[in-house]
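Okay, structure38.cif now, which holds mmCIF, N, CA and C atoms:
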data_my_file
#
loop_
_atom_site.label_atom_id
_atom_site.label_comp_id
_atom_site.auth_asym_id
_atom_site.auth_seq_id
_atom_site.Cartn_x
_atom_site.Cartn_y
_atom_site.Cartn_z
N MET W 43 12.28 3.71 -3.64
CA MET W 43 11.15 4.57 -3.32
C MET W 43 11.29 5.87 -4.11
N PRO W 44 10.23 6.31 -4.73
CA PRO W 44 10.29 7.57 -5.48
C PRO W 44 10.60 8.75 -4.55
N GLU W 45 11.54 9.57 -4.96
CA GLU W 45 11.89 10.76 -4.18
C GLU W 45 10.68 11.68 -4.00
N SER W 46 9.78 11.70 -5.00
CA SER W 46 8.64 12.60 -4.97
C SER W 46 7.67 12.31 -3.83
N ILE W 47 7.67 11.11 -3.26
CA ILE W 47 6.75 10.80 -2.16
C ILE W 47 7.44 10.64 -0.82
N LYS W 48 8.77 10.68 -0.82
CA LYS W 48 9.52 10.41 0.41
C LYS W 48 9.13 11.36 1.54
N LYS W 49 9.07 12.66 1.25
CA LYS W 49 8.75 13.66 2.29
C LYS W 49 7.34 13.41 2.86
N ASN W 50 6.36 13.17 1.98
CA ASN W 50 5.00 12.91 2.46
C ASN W 50 4.91 11.64 3.28
N LEU W 51 5.65 10.60 2.88
CA LEU W 51 5.63 9.35 3.63
C LEU W 51 6.28 9.52 5.00
N ILE W 52 7.36 10.25 5.07
CA ILE W 52 8.01 10.52 6.37
C ILE W 52 7.06 11.28 7.29
N GLU W 53 6.36 12.28 6.75
CA GLU W 53 5.39 13.04 7.55
C GLU W 53 4.25 12.13 8.01
N HIS W 54 3.80 11.24 7.13
CA HIS W 54 2.73 10.31 7.50
C HIS W 54 3.18 9.38 8.62
N ILE W 55 4.38 8.87 8.51
CA ILE W 55 4.91 7.97 9.54
C ILE W 55 5.05 8.71 10.87
N GLU W 56 5.43 9.97 10.82
CA GLU W 56 5.50 10.77 12.06
C GLU W 56 4.12 10.91 12.70
N ARG W 57 3.07 11.09 11.88
CA ARG W 57 1.70 11.15 12.42
C ARG W 57 1.30 9.79 13.01
N SER W 58 1.68 8.71 12.34
CA SER W 58 1.39 7.37 12.87
C SER W 58 2.11 7.15 14.19
N ARG W 59 3.33 7.68 14.29
CA ARG W 59 4.11 7.55 15.53
C ARG W 59 3.40 8.23 16.69
N LYS W 60 2.77 9.36 16.43
CA LYS W 60 2.03 10.07 17.48
C LYS W 60 0.83 9.24 17.95
N ILE W 61 0.16 8.58 17.02
CA ILE W 61 -0.96 7.70 17.39
C ILE W 61 -0.43 6.54 18.23
N TYR W 62 0.70 5.98 17.80
CA TYR W 62 1.33 4.88 18.55
C TYR W 62 1.66 5.33 19.97
N GLU W 63 2.27 6.50 20.10
CA GLU W 63 2.65 7.01 21.43
C GLU W 63 1.44 7.26 22.30
N LYS W 64 0.37 7.75 21.70
CA LYS W 64 -0.88 7.96 22.45
C LYS W 64 -1.43 6.61 22.94
N ASP W 65 -1.38 5.59 22.09
CA ASP W 65 -1.84 4.26 22.49
C ASP W 65 -0.99 3.71 23.63
N ARG W 66 0.30 3.92 23.56
CA ARG W 66 1.19 3.42 24.63
C ARG W 66 0.87 4.15 25.93
N LYS W 67 0.68 5.47 25.84
CA LYS W 67 0.37 6.28 27.03
C LYS W 67 -0.94 5.81 27.67
N ASN W 68 -1.92 5.43 26.82
CA ASN W 68 -3.22 4.98 27.31
C ASN W 68 -3.29 3.47 27.54
N ASP W 69 -2.16 2.81 27.43
CA ASP W 69 -2.04 1.37 27.65
C ASP W 69 -3.02 0.55 26.81
N ILE W 70 -3.19 0.95 25.55
CA ILE W 70 -4.02 0.21 24.61
C ILE W 70 -3.25 -1.05 24.20
N PRO W 71 -3.91 -2.20 24.14
CA PRO W 71 -3.21 -3.40 23.69
C PRO W 71 -2.56 -3.16 22.32
N GLY W 72 -1.43 -3.76 22.12
CA GLY W 72 -0.72 -3.58 20.85
C GLY W 72 -1.43 -4.23 19.68
N VAL W 73 -0.79 -4.16 18.53
CA VAL W 73 -1.38 -4.74 17.33
C VAL W 73 -1.42 -6.26 17.45
N GLN W 74 -2.36 -6.86 16.76
CA GLN W 74 -2.48 -8.32 16.79
C GLN W 74 -1.36 -8.93 15.95
N LEU W 75 -0.72 -9.93 16.50
CA LEU W 75 0.35 -10.66 15.82
C LEU W 75 -0.10 -12.10 15.61
N PRO W 76 0.55 -12.82 14.72
CA PRO W 76 0.22 -14.24 14.56
C PRO W 76 0.30 -14.96 15.90
N TYR W 77 -0.62 -15.90 16.13
CA TYR W 77 -0.78 -16.54 17.43
C TYR W 77 0.52 -17.06 18.03
N ALA W 78 1.28 -17.82 17.28
CA ALA W 78 2.51 -18.41 17.83
C ALA W 78 3.51 -17.33 18.23
N PHE W 79 3.60 -16.29 17.43
CA PHE W 79 4.55 -15.22 17.74
C PHE W 79 4.09 -14.41 18.94
N GLU W 80 2.79 -14.15 19.01
CA GLU W 80 2.25 -13.39 20.14
C GLU W 80 2.43 -14.17 21.44
N ARG W 81 2.31 -15.48 21.37
CA ARG W 81 2.51 -16.32 22.55
C ARG W 81 3.97 -16.32 22.97
N LYS W 82 4.87 -16.35 21.99
CA LYS W 82 6.31 -16.37 22.27
C LYS W 82 6.81 -15.01 22.75
N SER W 83 6.28 -13.92 22.17
CA SER W 83 6.71 -12.56 22.52
C SER W 83 5.47 -11.71 22.80
N PRO W 84 4.85 -11.89 23.95
CA PRO W 84 3.56 -11.25 24.23
C PRO W 84 3.55 -9.72 24.19
N ASN W 85 4.69 -9.08 24.35
CA ASN W 85 4.73 -7.62 24.31
C ASN W 85 5.20 -7.05 22.97
N ALA W 86 5.51 -7.90 22.02
CA ALA W 86 6.01 -7.43 20.72
C ALA W 86 5.00 -6.54 20.01
N GLY W 87 3.72 -6.84 20.16
CA GLY W 87 2.68 -6.04 19.51
C GLY W 87 2.61 -4.61 20.00
N LYS W 88 3.28 -4.32 21.12
CA LYS W 88 3.32 -2.95 21.65
C LYS W 88 4.56 -2.19 21.18
N GLU W 89 5.42 -2.85 20.40
CA GLU W 89 6.64 -2.20 19.92
C GLU W 89 6.35 -1.40 18.65
N TRP W 90 7.04 -0.28 18.51
CA TRP W 90 6.87 0.60 17.35
C TRP W 90 7.12 -0.15 16.05
N ALA W 91 8.06 -1.05 16.02
CA ALA W 91 8.39 -1.78 14.79
C ALA W 91 7.20 -2.56 14.24
N TRP W 92 6.25 -2.94 15.09
CA TRP W 92 5.10 -3.72 14.65
C TRP W 92 3.86 -2.87 14.41
N PHE W 93 3.94 -1.58 14.72
CA PHE W 93 2.75 -0.73 14.59
C PHE W 93 2.40 -0.52 13.12
N TRP W 94 1.14 -0.21 12.88
CA TRP W 94 0.63 -0.04 11.52
C TRP W 94 1.22 1.20 10.84
N VAL W 95 1.52 1.09 9.57
CA VAL W 95 1.92 2.26 8.78
C VAL W 95 0.68 3.11 8.51
N PHE W 96 -0.46 2.45 8.33
CA PHE W 96 -1.72 3.15 8.10
C PHE W 96 -2.72 2.75 9.18
N PRO W 97 -2.55 3.30 10.39
CA PRO W 97 -3.45 2.93 11.49
C PRO W 97 -4.83 3.56 11.34
N SER W 98 -5.82 2.85 11.85
CA SER W 98 -7.17 3.39 11.89
C SER W 98 -7.19 4.55 12.89
N SER W 99 -8.04 5.52 12.65
CA SER W 99 -8.13 6.66 13.57
C SER W 99 -8.92 6.30 14.83
N THR W 100 -9.63 5.17 14.79
CA THR W 100 -10.44 4.76 15.94
C THR W 100 -10.04 3.36 16.41
N LEU W 101 -10.41 3.07 17.63
CA LEU W 101 -10.20 1.74 18.19
C LEU W 101 -11.42 0.88 17.87
N SER W 102 -11.23 -0.43 17.84
CA SER W 102 -12.35 -1.33 17.60
C SER W 102 -12.10 -2.64 18.32
N ILE W 103 -13.11 -3.48 18.37
CA ILE W 103 -13.00 -4.76 19.07
C ILE W 103 -12.36 -5.78 18.14
N ASP W 104 -11.30 -6.40 18.64
CA ASP W 104 -10.66 -7.50 17.92
C ASP W 104 -11.59 -8.70 18.07
N PRO W 105 -12.22 -9.14 16.97
CA PRO W 105 -13.24 -10.20 17.09
C PRO W 105 -12.69 -11.55 17.56
N SER W 106 -11.41 -11.79 17.35
CA SER W 106 -10.87 -13.11 17.72
C SER W 106 -10.70 -13.28 19.23
N ILE W 107 -10.36 -12.18 19.94
CA ILE W 107 -10.15 -12.31 21.39
C ILE W 107 -10.95 -11.30 22.21
N ARG W 108 -11.82 -10.54 21.53
CA ARG W 108 -12.73 -9.58 22.19
C ARG W 108 -11.97 -8.52 22.99
N VAL W 109 -10.88 -7.99 22.44
CA VAL W 109 -10.08 -6.95 23.08
C VAL W 109 -10.19 -5.69 22.23
N VAL W 110 -10.34 -4.55 22.90
CA VAL W 110 -10.38 -3.28 22.17
C VAL W 110 -8.94 -2.87 21.86
N ARG W 111 -8.65 -2.66 20.57
CA ARG W 111 -7.31 -2.27 20.14
C ARG W 111 -7.42 -1.51 18.83
N ARG W 112 -6.27 -1.02 18.36
CA ARG W 112 -6.22 -0.30 17.09
C ARG W 112 -5.87 -1.28 15.97
N HIS W 113 -6.57 -1.14 14.87
CA HIS W 113 -6.30 -1.95 13.69
C HIS W 113 -5.78 -1.02 12.59
N HIS W 114 -5.44 -1.59 11.46
CA HIS W 114 -5.02 -0.79 10.31
C HIS W 114 -6.26 -0.29 9.58
N LEU W 115 -6.06 0.68 8.69
CA LEU W 115 -7.17 1.13 7.87
C LEU W 115 -7.71 -0.02 7.05
N HIS W 116 -8.99 -0.04 6.89
CA HIS W 116 -9.61 -1.09 6.07
C HIS W 116 -9.36 -0.78 4.60
N GLU W 117 -9.22 -1.83 3.79
CA GLU W 117 -8.92 -1.65 2.37
C GLU W 117 -9.97 -0.81 1.65
N SER W 118 -11.20 -0.79 2.16
CA SER W 118 -12.25 0.00 1.52
C SER W 118 -11.91 1.49 1.55
N ASN W 119 -11.14 1.94 2.55
CA ASN W 119 -10.73 3.34 2.61
C ASN W 119 -9.83 3.69 1.43
N LEU W 120 -8.94 2.79 1.06
CA LEU W 120 -8.06 3.00 -0.09
C LEU W 120 -8.89 3.03 -1.37
N ILE W 121 -9.81 2.11 -1.49
CA ILE W 121 -10.67 2.03 -2.68
C ILE W 121 -11.47 3.32 -2.83
N LYS W 122 -12.06 3.79 -1.73
CA LYS W 122 -12.84 5.04 -1.78
C LYS W 122 -11.96 6.24 -2.10
N GLY W 123 -10.73 6.25 -1.54
CA GLY W 123 -9.80 7.36 -1.80
C GLY W 123 -9.39 7.42 -3.25
N ILE W 124 -9.14 6.28 -3.86
CA ILE W 124 -8.76 6.25 -5.28
C ILE W 124 -9.93 6.71 -6.14
N LYS W 125 -11.13 6.27 -5.81
CA LYS W 125 -12.32 6.68 -6.57
C LYS W 125 -12.51 8.20 -6.47
N LYS W 126 -12.39 8.72 -5.26
CA LYS W 126 -12.55 10.16 -5.04
C LYS W 126 -11.50 10.96 -5.81
N ALA W 127 -10.25 10.49 -5.79
CA ALA W 127 -9.17 11.17 -6.50
C ALA W 127 -9.39 11.13 -8.01
N SER W 128 -9.88 10.01 -8.52
CA SER W 128 -10.11 9.90 -9.97
C SER W 128 -11.24 10.82 -10.42
N ILE W 129 -12.26 10.98 -9.57
CA ILE W 129 -13.35 11.91 -9.88
C ILE W 129 -12.83 13.34 -9.85
N LYS W 130 -12.05 13.66 -8.83
CA LYS W 130 -11.48 15.00 -8.70
C LYS W 130 -10.56 15.32 -9.88
N ALA W 131 -9.83 14.31 -10.37
CA ALA W 131 -8.92 14.50 -11.51
C ALA W 131 -9.67 14.46 -12.84
N LYS W 132 -10.98 14.23 -12.78
CA LYS W 132 -11.84 14.17 -13.97
C LYS W 132 -11.39 13.09 -14.95
N ILE W 133 -11.02 11.94 -14.40
CA ILE W 133 -10.67 10.79 -15.23
C ILE W 133 -11.98 10.12 -15.60
N GLY W 134 -12.24 10.01 -16.86
CA GLY W 134 -13.53 9.51 -17.34
C GLY W 134 -13.71 8.01 -17.24
N LYS W 135 -12.67 7.30 -16.92
CA LYS W 135 -12.76 5.84 -16.83
C LYS W 135 -12.69 5.39 -15.38
N ARG W 136 -13.13 4.16 -15.15
CA ARG W 136 -13.08 3.59 -13.81
C ARG W 136 -11.61 3.35 -13.41
N VAL W 137 -11.23 3.81 -12.23
CA VAL W 137 -9.87 3.62 -11.72
C VAL W 137 -9.94 2.77 -10.46
N THR W 138 -9.11 1.73 -10.42
CA THR W 138 -9.08 0.83 -9.27
C THR W 138 -7.63 0.64 -8.84
N VAL W 139 -7.43 -0.05 -7.73
CA VAL W 139 -6.08 -0.40 -7.28
C VAL W 139 -5.39 -1.22 -8.37
N HIS W 140 -6.13 -2.13 -8.98
CA HIS W 140 -5.55 -2.95 -10.04
C HIS W 140 -5.17 -2.11 -11.26
N THR W 141 -5.96 -1.08 -11.57
CA THR W 141 -5.62 -0.17 -12.67
C THR W 141 -4.27 0.48 -12.41
N LEU W 142 -4.05 0.92 -11.18
CA LEU W 142 -2.78 1.55 -10.82
C LEU W 142 -1.63 0.56 -10.93
N ARG W 143 -1.85 -0.67 -10.50
CA ARG W 143 -0.83 -1.72 -10.59
C ARG W 143 -0.49 -2.01 -12.05
N HIS W 144 -1.53 -2.12 -12.87
CA HIS W 144 -1.35 -2.38 -14.29
C HIS W 144 -0.59 -1.22 -14.96
N SER W 145 -0.97 0.00 -14.61
CA SER W 145 -0.30 1.19 -15.17
C SER W 145 1.16 1.24 -14.76
N PHE W 146 1.44 0.88 -13.51
CA PHE W 146 2.82 0.85 -13.01
C PHE W 146 3.67 -0.08 -13.86
N ALA W 147 3.19 -1.31 -14.07
CA ALA W 147 3.93 -2.29 -14.86
C ALA W 147 4.08 -1.83 -16.31
N THR W 148 3.03 -1.29 -16.87
CA THR W 148 3.06 -0.83 -18.26
C THR W 148 4.07 0.29 -18.44
N HIS W 149 4.06 1.25 -17.54
CA HIS W 149 5.00 2.38 -17.65
C HIS W 149 6.44 1.92 -17.47
N LEU W 150 6.67 0.97 -16.60
CA LEU W 150 8.03 0.44 -16.46
C LEU W 150 8.51 -0.19 -17.77
N LEU W 151 7.64 -0.97 -18.38
CA LEU W 151 7.99 -1.58 -19.67
C LEU W 151 8.27 -0.51 -20.73
N GLU W 152 7.41 0.49 -20.78
CA GLU W 152 7.58 1.56 -21.77
C GLU W 152 8.90 2.31 -21.57
N LYS W 153 9.35 2.37 -20.34
CA LYS W 153 10.62 3.06 -20.05
C LYS W 153 11.83 2.14 -20.23
N GLY W 154 11.58 0.87 -20.61
CA GLY W 154 12.69 -0.04 -20.90
C GLY W 154 13.12 -0.93 -19.76
N CYS W 155 12.34 -0.98 -18.68
CA CYS W 155 12.69 -1.86 -17.55
C CYS W 155 12.57 -3.32 -17.98
N ASP W 156 13.47 -4.16 -17.51
CA ASP W 156 13.44 -5.56 -17.94
C ASP W 156 12.31 -6.32 -17.25
N ILE W 157 11.82 -7.33 -17.93
CA ILE W 157 10.65 -8.08 -17.49
C ILE W 157 10.87 -8.79 -16.15
N ARG W 158 12.08 -9.25 -15.89
CA ARG W 158 12.37 -9.96 -14.62
C ARG W 158 12.28 -9.00 -13.43
N THR W 159 12.73 -7.76 -13.60
CA THR W 159 12.61 -6.78 -12.53
C THR W 159 11.15 -6.47 -12.25
N ILE W 160 10.37 -6.32 -13.31
CA ILE W 160 8.94 -6.05 -13.15
C ILE W 160 8.26 -7.24 -12.47
N GLN W 161 8.64 -8.44 -12.86
CA GLN W 161 8.11 -9.65 -12.22
C GLN W 161 8.35 -9.61 -10.72
N ASP W 162 9.56 -9.25 -10.33
CA ASP W 162 9.93 -9.18 -8.92
C ASP W 162 9.13 -8.10 -8.20
N LEU W 163 9.02 -6.93 -8.81
CA LEU W 163 8.29 -5.81 -8.19
C LEU W 163 6.81 -6.13 -7.99
N LEU W 164 6.23 -6.87 -8.94
CA LEU W 164 4.81 -7.22 -8.84
C LEU W 164 4.56 -8.46 -7.99
N GLY W 165 5.64 -9.19 -7.67
CA GLY W 165 5.50 -10.38 -6.84
C GLY W 165 4.95 -11.59 -7.59
N HIS W 166 5.12 -11.61 -8.91
CA HIS W 166 4.65 -12.75 -9.69
C HIS W 166 5.62 -13.92 -9.55
N ASN W 167 5.11 -15.12 -9.35
CA ASN W 167 5.94 -16.32 -9.29
C ASN W 167 6.39 -16.74 -10.68
N ASP W 168 5.52 -16.56 -11.65
CA ASP W 168 5.79 -17.01 -13.02
C ASP W 168 5.93 -15.80 -13.94
N VAL W 169 7.01 -15.74 -14.69
CA VAL W 169 7.24 -14.62 -15.61
C VAL W 169 6.16 -14.53 -16.68
N ASN W 170 5.50 -15.65 -16.98
CA ASN W 170 4.42 -15.62 -17.97
C ASN W 170 3.26 -14.73 -17.52
N THR W 171 3.03 -14.65 -16.22
CA THR W 171 2.01 -13.74 -15.70
C THR W 171 2.41 -12.30 -15.98
N THR W 172 3.67 -11.99 -15.80
CA THR W 172 4.17 -10.64 -16.05
C THR W 172 4.16 -10.31 -17.54
N MET W 173 4.35 -11.31 -18.38
CA MET W 173 4.41 -11.11 -19.83
C MET W 173 3.11 -10.53 -20.39
N ILE W 174 2.02 -10.64 -19.63
CA ILE W 174 0.75 -10.05 -20.06
C ILE W 174 0.93 -8.56 -20.36
N TYR W 175 1.81 -7.91 -19.61
CA TYR W 175 2.00 -6.47 -19.76
C TYR W 175 2.79 -6.09 -21.02
N THR W 176 3.37 -7.06 -21.70
CA THR W 176 4.17 -6.75 -22.89
C THR W 176 3.32 -6.38 -24.09
N HIS W 177 2.00 -6.52 -23.97
CA HIS W 177 1.14 -6.14 -25.09
C HIS W 177 1.33 -4.68 -25.48
N VAL W 178 1.78 -3.87 -24.56
CA VAL W 178 1.97 -2.44 -24.84
C VAL W 178 3.18 -2.19 -25.72
N MET W 179 4.08 -3.14 -25.80
CA MET W 179 5.32 -2.93 -26.54
C MET W 179 5.08 -2.79 -28.04
N SER W 180 4.00 -3.38 -28.55
CA SER W 180 3.71 -3.26 -29.97
C SER W 180 2.99 -1.96 -30.29
N LYS W 181 2.49 -1.30 -29.27
CA LYS W 181 1.82 -0.01 -29.46
C LYS W 181 2.84 1.11 -29.34
N ASN W 182 2.45 2.28 -29.70
CA ASN W 182 3.25 3.49 -29.54
C ASN W 182 4.60 3.40 -30.27
N LYS W 183 4.56 2.86 -31.48
CA LYS W 183 5.79 2.73 -32.27
C LYS W 183 6.36 4.08 -32.66
N LEU W 184 5.54 5.13 -32.61
CA LEU W 184 6.01 6.47 -32.95
C LEU W 184 6.73 7.15 -31.79
N GLY W 185 6.70 6.52 -30.63
CA GLY W 185 7.40 7.08 -29.46
C GLY W 185 6.73 8.31 -28.89
N ILE W 186 5.42 8.37 -28.99
CA ILE W 186 4.67 9.52 -28.47
C ILE W 186 4.75 9.50 -26.94
N ILE W 187 5.03 10.66 -26.37
CA ILE W 187 5.18 10.80 -24.92
C ILE W 187 3.97 11.52 -24.37
N SER W 188 3.46 11.05 -23.25
CA SER W 188 2.34 11.68 -22.59
C SER W 188 2.69 13.10 -22.15
N PRO W 189 1.75 14.03 -22.25
CA PRO W 189 2.01 15.40 -21.75
C PRO W 189 2.34 15.43 -20.26
N LEU W 190 1.92 14.40 -19.52
CA LEU W 190 2.21 14.35 -18.09
C LEU W 190 3.66 13.97 -17.82
N ASP W 191 4.33 13.42 -18.82
CA ASP W 191 5.74 13.05 -18.66
C ASP W 191 6.58 14.24 -19.03
#
Spell out the structure here as structure tokens.
Amino acid sequence: MPESIKKNLIEHIERSRKIYEKDRKNDIPGVQLPYAFERKSPNAGKEWAWFWVFPSSTLSIDPSIRVVRRHHLHESNLIKGIKKASIKAKIGKRVTVHTLRHSFATHLLEKGCDIRTIQDLLGHNDVNTTMIYTHVMSKNKLGIISPLD
């Protein structure tokens, strides 16, 4: 984990913990777990270890069993947040979650990280999928460094 985000992530988890504690105090049903596991351990969803890292600020109806509970943030919130940040940063191109993933892999390659490690970090089953990112290796032969680095 990058040291630069550790403090912010710890603070975020502390805020999530407060939401979790409020839910426990108000006896809100815990998070939804896979059916077999929830049947085997019916109270596990109320344990802190299973709580969302990015919980929704509001409660909603679980459509599968019609119970009001807390869910995680919807992925559209992340998409909107990235778009808003890219506009604020005055990035002239479209930025998506996939753009960030692609940039992550590309920068690792540029810094000399081995392809197998990148494959593992990206969760690719086949190294050939990861090899797509090696196209950057033929560029930047002059070793130009970004001003942001």
Margin query: Give me, as a PyMOL selection string, the residues of range 104-187 of chain W that a backbone DSSP run labels helix (DSSP H, G or I).
Written below: chain W and resi 117-130+139-152+157-164+169-180
Name the residues in contact with range 106-121 of chain W at a cut-off of 8 Å, using only N, CA and C atoms, excluding same-chain residues fewer than 5 positions from it; report them as a PDB file with N, CA and C atoms, in the frame of the given file.
ATOM      1  N   ILE W  70      -3.190   0.950  25.550  1.00  0.00           N
ATOM      2  CA  ILE W  70      -4.020   0.210  24.610  1.00  0.00           C
ATOM      3  C   ILE W  70      -3.250  -1.050  24.200  1.00  0.00           C
ATOM      4  N   PRO W  71      -3.910  -2.200  24.140  1.00  0.00           N
ATOM      5  CA  PRO W  71      -3.210  -3.400  23.690  1.00  0.00           C
ATOM      6  C   PRO W  71      -2.560  -3.160  22.320  1.00  0.00           C
ATOM      7  N   GLY W  72      -1.430  -3.760  22.120  1.00  0.00           N
ATOM      8  CA  GLY W  72      -0.720  -3.580  20.850  1.00  0.00           C
ATOM      9  C   GLY W  72      -1.430  -4.230  19.680  1.00  0.00           C
ATOM     10  N   VAL W  73      -0.790  -4.160  18.530  1.00  0.00           N
ATOM     11  CA  VAL W  73      -1.380  -4.740  17.330  1.00  0.00           C
ATOM     12  C   VAL W  73      -1.420  -6.260  17.450  1.00  0.00           C
ATOM     13  N   GLN W  74      -2.360  -6.860  16.760  1.00  0.00           N
ATOM     14  CA  GLN W  74      -2.480  -8.320  16.790  1.00  0.00           C
ATOM     15  C   GLN W  74      -1.360  -8.930  15.950  1.00  0.00           C
ATOM     16  N   PHE W  93       3.940  -1.580  14.720  1.00  0.00           N
ATOM     17  CA  PHE W  93       2.750  -0.730  14.590  1.00  0.00           C
ATOM     18  C   PHE W  93       2.400  -0.520  13.120  1.00  0.00           C
ATOM     19  N   TRP W  94       1.140  -0.210  12.880  1.00  0.00           N
ATOM     20  CA  TRP W  94       0.630  -0.040  11.520  1.00  0.00           C
ATOM     21  C   TRP W  94       1.220   1.200  10.840  1.00  0.00           C
ATOM     22  N   VAL W  95       1.520   1.090   9.570  1.00  0.00           N
ATOM     23  CA  VAL W  95       1.920   2.260   8.780  1.00  0.00           C
ATOM     24  C   VAL W  95       0.680   3.110   8.510  1.00  0.00           C
ATOM     25  N   PHE W  96      -0.460   2.450   8.330  1.00  0.00           N
ATOM     26  CA  PHE W  96      -1.720   3.150   8.100  1.00  0.00           C
ATOM     27  C   PHE W  96      -2.720   2.750   9.180  1.00  0.00           C
ATOM     28  N   PRO W  97      -2.550   3.300  10.390  1.00  0.00           N
ATOM     29  CA  PRO W  97      -3.450   2.930  11.490  1.00  0.00           C
ATOM     30  C   PRO W  97      -4.830   3.560  11.340  1.00  0.00           C
ATOM     31  N   SER W  98      -5.820   2.850  11.850  1.00  0.00           N
ATOM     32  CA  SER W  98      -7.170   3.390  11.890  1.00  0.00           C
ATOM     33  C   SER W  98      -7.190   4.550  12.890  1.00  0.00           C
ATOM     34  N   SER W  99      -8.040   5.520  12.650  1.00  0.00           N
ATOM     35  CA  SER W  99      -8.130   6.660  13.570  1.00  0.00           C
ATOM     36  C   SER W  99      -8.920   6.300  14.830  1.00  0.00           C
ATOM     37  N   THR W 100      -9.630   5.170  14.790  1.00  0.00           N
ATOM     38  CA  THR W 100     -10.440   4.760  15.940  1.00  0.00           C
ATOM     39  C   THR W 100     -10.040   3.360  16.410  1.00  0.00           C
ATOM     40  N   LEU W 101     -10.410   3.070  17.630  1.00  0.00           N
ATOM     41  CA  LEU W 101     -10.200   1.740  18.190  1.00  0.00           C
ATOM     42  C   LEU W 101     -11.420   0.880  17.870  1.00  0.00           C
ATOM     43  N   LYS W 126     -12.390   8.720  -5.260  1.00  0.00           N
ATOM     44  CA  LYS W 126     -12.550  10.160  -5.040  1.00  0.00           C
ATOM     45  C   LYS W 126     -11.500  10.960  -5.810  1.00  0.00           C
ATOM     46  N   ALA W 127     -10.250  10.490  -5.790  1.00  0.00           N
ATOM     47  CA  ALA W 127      -9.170  11.170  -6.500  1.00  0.00           C
ATOM     48  C   ALA W 127      -9.390  11.130  -8.010  1.00  0.00           C
ATOM     49  N   VAL W 137     -11.230   3.810 -12.230  1.00  0.00           N
ATOM     50  CA  VAL W 137      -9.870   3.620 -11.720  1.00  0.00           C
ATOM     51  C   VAL W 137      -9.940   2.770 -10.460  1.00  0.00           C
ATOM     52  N   THR W 138      -9.110   1.730 -10.420  1.00  0.00           N
ATOM     53  CA  THR W 138      -9.080   0.830  -9.270  1.00  0.00           C
ATOM     54  C   THR W 138      -7.630   0.640  -8.840  1.00  0.00           C
ATOM     55  N   VAL W 139      -7.430  -0.050  -7.730  1.00  0.00           N
ATOM     56  CA  VAL W 139      -6.080  -0.400  -7.280  1.00  0.00           C
ATOM     57  C   VAL W 139      -5.390  -1.220  -8.370  1.00  0.00           C
TER      58      VAL W 139
END
Checklist line | Atomic distance CA of Thr148 in chain W - atom N of Lys48 in chain W, expressed in Å with one decimal | finding: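 Computed distance, CA of Thr148 in chain W to atom N of Lys48 in chain W, equals 21.7 Å.
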Checklist line | Separation of CA of Leu151 in chain W from CA of Leu163 in chain W in Å | finding: 12.2 Å
So that all listed atoms of range 91-109 of chain W fit with 6 Å spare on each side, what axis-aligned box centre and edge lengths in Å, to one decimal, would you give as AutoDock Vina command-line options?
--center_x -2.4 --center_y -3.3 --center_z 15.6 --size_x 33.6 --size_y 31.9 --size_z 27.0
Next item on the list: Carefully work through the PyMOL selection byres (((chain W and resi 87-91 and name CA) around 12) and name CA) for this structure and note down the residues it includes, as a PyMOL selection string.
Entry: chain W and resi 55-56+58-77+79-86+92-95+111-113
Check: Could you state the separation of CA of Lys132 in chain W and CA of Pro189 in chain W in Å, given to one decimal place?
Finding: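 Computed distance, CA of Lys132 in chain W to CA of Pro189 in chain W, equals 15.9 Å.
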Note to self: Could you go through chain W and tell me which residues DSSP, when run on the backbone, assigns to strand (DSSP E), listing them as a VMD selection string?
What the structure shows: chain W and resid 97 to 104 109 to 114
